[in-house]
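S.K.: First the structure, then my questions, so here it is.
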Amino acid sequence: MREVLLINASPRPDASIGYQLANELVDALRVRRPELIVTRRDLGVATLAPLDDAYADALTRRTPDTAPVFALSENLIGELERSDAMFIATPMHNFTLPAALKLWIDHVVRIGRTFAATPDGKVGLLEDRPVYVIVSSGGFHRGARARQPDFLTAYLRHVLSTIGLFDVQFVYLEGLVSGAETVKAEREAARQRLLMEPLFVGLASA
């Protein structure tokens, strides 16, 4: 493993439990692999520009990938292509993913570049790699305590598979507005869940 892509979608990265957990595991990986390159893309702070008319027109006209209109998209796709594994730390906003993460998706899911349109549907063009999605929510959306739906998981799994990423593991931090004890328990449970993954087996806390 040479490079890891770490995406934060929280507008408050310093306070994000999910982002803290992702950084903890990445730092532990770097202890094992000091040469590991970590690319951090902080979507909550450096918000991406939405797709505009020029971009849509370029897609329609099958404009070459090297055209300036695709410069940001190419940069983001390049970060993804270089990574051997990816972390996404995201809150759940209004039952689904935040706008900042949706903008990243809009830039990297591109016809003819990361997926092909075929008679049988869309086919991903990227090589598969492990993707770990840490989802933080103030309430509960799973199990007996669920009081809200979850439209994030199914959507994100489907859209990542569209570009060829099928090895996607979700870890949840729920009830984070329920007090310090809940936050501590949820973080430790999520951490232990991730440490069961092949990439992290044997890792100690950084």
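Every chain in the structure tokens takes a letter, A first, then B, and so on in the order presented; its residues are numbered from 1, and the ligands are numbered from 1 following the presented order.
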Identify, with DSSP run on backbone atoms, the residues in region 21-92 of chain A assigned to strand (DSSP E), and express the list as number ranges by chain.
M.R.: A: 37-42, 85-91
S.K.: May I have the residues from that selection written out with C-alpha atoms, as a PDB file, in the first residue's frame?
M.R.:
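Saved the output as part.pdb:
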```
ATOM      1  CA  ILE A  37       1.196   8.882   1.526  1.00  0.00           C
ATOM      2  CA  VAL A  38      -1.999  10.314   3.007  1.00  0.00           C
ATOM      3  CA  THR A  39      -4.038  12.662   0.834  1.00  0.00           C
ATOM      4  CA  ARG A  40      -6.632  14.589   2.813  1.00  0.00           C
ATOM      5  CA  ARG A  41      -9.584  16.204   1.075  1.00  0.00           C
ATOM      6  CA  ASP A  42     -11.525  18.373   3.532  1.00  0.00           C
ATOM      7  CA  ALA A  85      -7.691   2.566   0.092  1.00  0.00           C
ATOM      8  CA  MET A  86     -10.119   5.338   0.905  1.00  0.00           C
ATOM      9  CA  PHE A  87     -11.794   6.658   4.047  1.00  0.00           C
ATOM     10  CA  ILE A  88     -14.936   8.758   3.972  1.00  0.00           C
ATOM     11  CA  ALA A  89     -15.903  10.394   7.266  1.00  0.00           C
ATOM     12  CA  THR A  90     -19.333  11.920   6.863  1.00  0.00           C
ATOM     13  CA  PRO A  91     -22.224  13.082   9.004  1.00  0.00           C
TER      14      PRO A  91
END
```
S.K.: Excluding Gln169 (chain A) and its own-chain neighbours fewer than 3 positions away, which residues fall within 7 Å of it when counting only C-alpha atoms? Please give them as a list of chain:residue names.
M.R.: A:Val131, A:Tyr132, A:Val133
S.K.: Determine, using only C-alpha atoms, which residues of region 65-183 of chain A have any atom at most 10 Å from an atom of region 47-53 of chain A, and tabulate each with its shortest atom pair and distance in Å to one decimal place, rows ordered by chain and then rising number, as a tab-separated table.
M.R.:
```
residue	atom	partner	partner_atom	distance
A:Val69	CA	A:Asp52	CA	9.6
A:Leu72	CA	A:Leu48	CA	8.8
A:Ser73	CA	A:Leu51	CA	9.7
A:Ala99	CA	A:Thr47	CA	9.3
A:Ala100	CA	A:Thr47	CA	6.2
A:Leu101	CA	A:Leu48	CA	9.1
A:Lys102	CA	A:Pro50	CA	9.5
A:Leu103	CA	A:Pro50	CA	6.2
A:Trp104	CA	A:Leu48	CA	7.0
A:Asp106	CA	A:Leu51	CA	7.4
A:His107	CA	A:Leu51	CA	7.5
```
S.K.: Restricted to N, CA, C and O atoms, what would the selected residues look like written as a short mmCIF file (atom, residue, chain, number, x, y, z; two decimals), in the first residue's frame?
M.R.:
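Dumped to result.cif:
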```
data_model
loop_
_atom_site.label_atom_id
_atom_site.label_comp_id
_atom_site.auth_asym_id
_atom_site.auth_seq_id
_atom_site.Cartn_x
_atom_site.Cartn_y
_atom_site.Cartn_z
N VAL A 69 -12.21 22.73 -18.51
CA VAL A 69 -13.47 22.62 -17.79
C VAL A 69 -13.49 21.41 -16.85
O VAL A 69 -14.22 21.38 -15.86
N LEU A 72 -10.81 20.43 -12.29
CA LEU A 72 -11.09 20.04 -10.91
C LEU A 72 -11.52 18.58 -10.85
O LEU A 72 -11.06 17.82 -9.99
N SER A 73 -12.39 18.18 -11.74
CA SER A 73 -12.82 16.79 -11.80
C SER A 73 -11.63 15.85 -11.97
O SER A 73 -11.52 14.83 -11.28
N ALA A 99 -24.34 18.03 1.48
CA ALA A 99 -24.15 18.58 0.14
C ALA A 99 -22.69 18.57 -0.28
O ALA A 99 -22.38 18.37 -1.46
N ALA A 100 -21.78 18.78 0.67
CA ALA A 100 -20.35 18.82 0.33
C ALA A 100 -19.89 17.50 -0.27
O ALA A 100 -19.11 17.47 -1.23
N LEU A 101 -20.37 16.39 0.29
CA LEU A 101 -19.98 15.08 -0.24
C LEU A 101 -20.67 14.80 -1.58
O LEU A 101 -20.07 14.19 -2.47
N LYS A 102 -21.91 15.26 -1.71
CA LYS A 102 -22.59 15.08 -3.00
C LYS A 102 -21.87 15.82 -4.12
O LYS A 102 -21.78 15.32 -5.26
N LEU A 103 -21.30 16.99 -3.83
CA LEU A 103 -20.54 17.71 -4.85
C LEU A 103 -19.31 16.92 -5.28
O LEU A 103 -18.97 16.88 -6.46
N TRP A 104 -18.62 16.31 -4.31
CA TRP A 104 -17.46 15.46 -4.66
C TRP A 104 -17.89 14.33 -5.57
O TRP A 104 -17.22 14.04 -6.58
N ASP A 106 -20.44 14.28 -7.58
CA ASP A 106 -20.78 14.82 -8.90
C ASP A 106 -19.54 15.04 -9.76
O ASP A 106 -19.59 14.90 -10.98
N HIS A 107 -18.43 15.38 -9.12
CA HIS A 107 -17.19 15.63 -9.87
C HIS A 107 -16.46 14.34 -10.26
O HIS A 107 -15.76 14.32 -11.27
#
```
S.K.: From region 81-116 of chain A, collect each residue whose DSSP state is alpha helix (DSSP H) and return the set as a PyMOL selection string.
M.R.: chain A and resi 81-82+99-108
S.K.: Counting only C-alpha atoms, which of A:Ala189, A:Val123, A:Ile17, A:Leu156 gets nearest to Leu97 (chain A)?
M.R.: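 Looking only at the distances to Leu97 (chain A), the closest residue turns out to be A:Leu156.
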S.K.: Determine, for each residue of region 124-201 of chain A having at least one atom at most 10 Å from an atom of region 25-30 of chain A, the closest pair of atoms and their separation in Å to one decimal, counting only C-alpha atoms; order by chain and ascending number, as JSON lines.
M.R.:
```
{"residue": "A:Arg191", "atom": "CA", "partner": "A:Leu25", "partner_atom": "CA", "distance": 8.4}
{"residue": "A:Leu194", "atom": "CA", "partner": "A:Leu25", "partner_atom": "CA", "distance": 8.7}
{"residue": "A:Leu195", "atom": "CA", "partner": "A:Leu25", "partner_atom": "CA", "distance": 8.7}
{"residue": "A:Leu199", "atom": "CA", "partner": "A:Leu29", "partner_atom": "CA", "distance": 8.6}
{"residue": "A:Phe200", "atom": "CA", "partner": "A:Leu29", "partner_atom": "CA", "distance": 7.5}
```
S.K.: Under the rule that only C-alpha atoms are counted, which of A:Ala190, A:Leu203, A:Met92, A:Phe151 is the nearest residue to Leu21 (chain A)?
M.R.: A:Ala190
S.K.: Considering only C-alpha atoms, return as an MDAnalysis selection string whatever protein or nucleic-acid residues lie within 12 Å of Gly175 (chain A), sequence-local ones (same chain, fewer than 5 positions apart) excluded.
M.R.: chainID A and resid 17 91:92 135:142 145:148 180:187
S.K.: Compare A:Asp84, A:Asp150, A:Asp120, A:Glu174 by their minimum atom-to-atom distance to Val4 (chain A), counting only C-alpha atoms, and give me the closest one.
M.R.: A:Asp84
S.K.: Of the residues A:Glu3, A:Asp167, A:Asp14, A:Asp57, which is the one nearest to Pro34 (chain A), using only C-alpha atoms?
M.R.: A:Glu3
S.K.: Which distance in Å separates CA of Arg110 (chain A) and CA of Leu59 (chain A), to one decimal?
M.R.: 8.3 Å
S.K.: Suppose you want the space between CA of Asn8 (chain A) and CA of Val45 (chain A); what is it in Å?
M.R.: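 CA of Val45 (chain A) lies 8.9 Å from CA of Asn8 (chain A).
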S.K.: Determine the nearest neighbour of Ser16 (chain A) from the options A:Gly112, A:Arg157, A:Gly124, A:Gly44, counting only C-alpha atoms.
M.R.: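 Checking each candidate against Ser16 (chain A), we get A:Gly44 as the closest.
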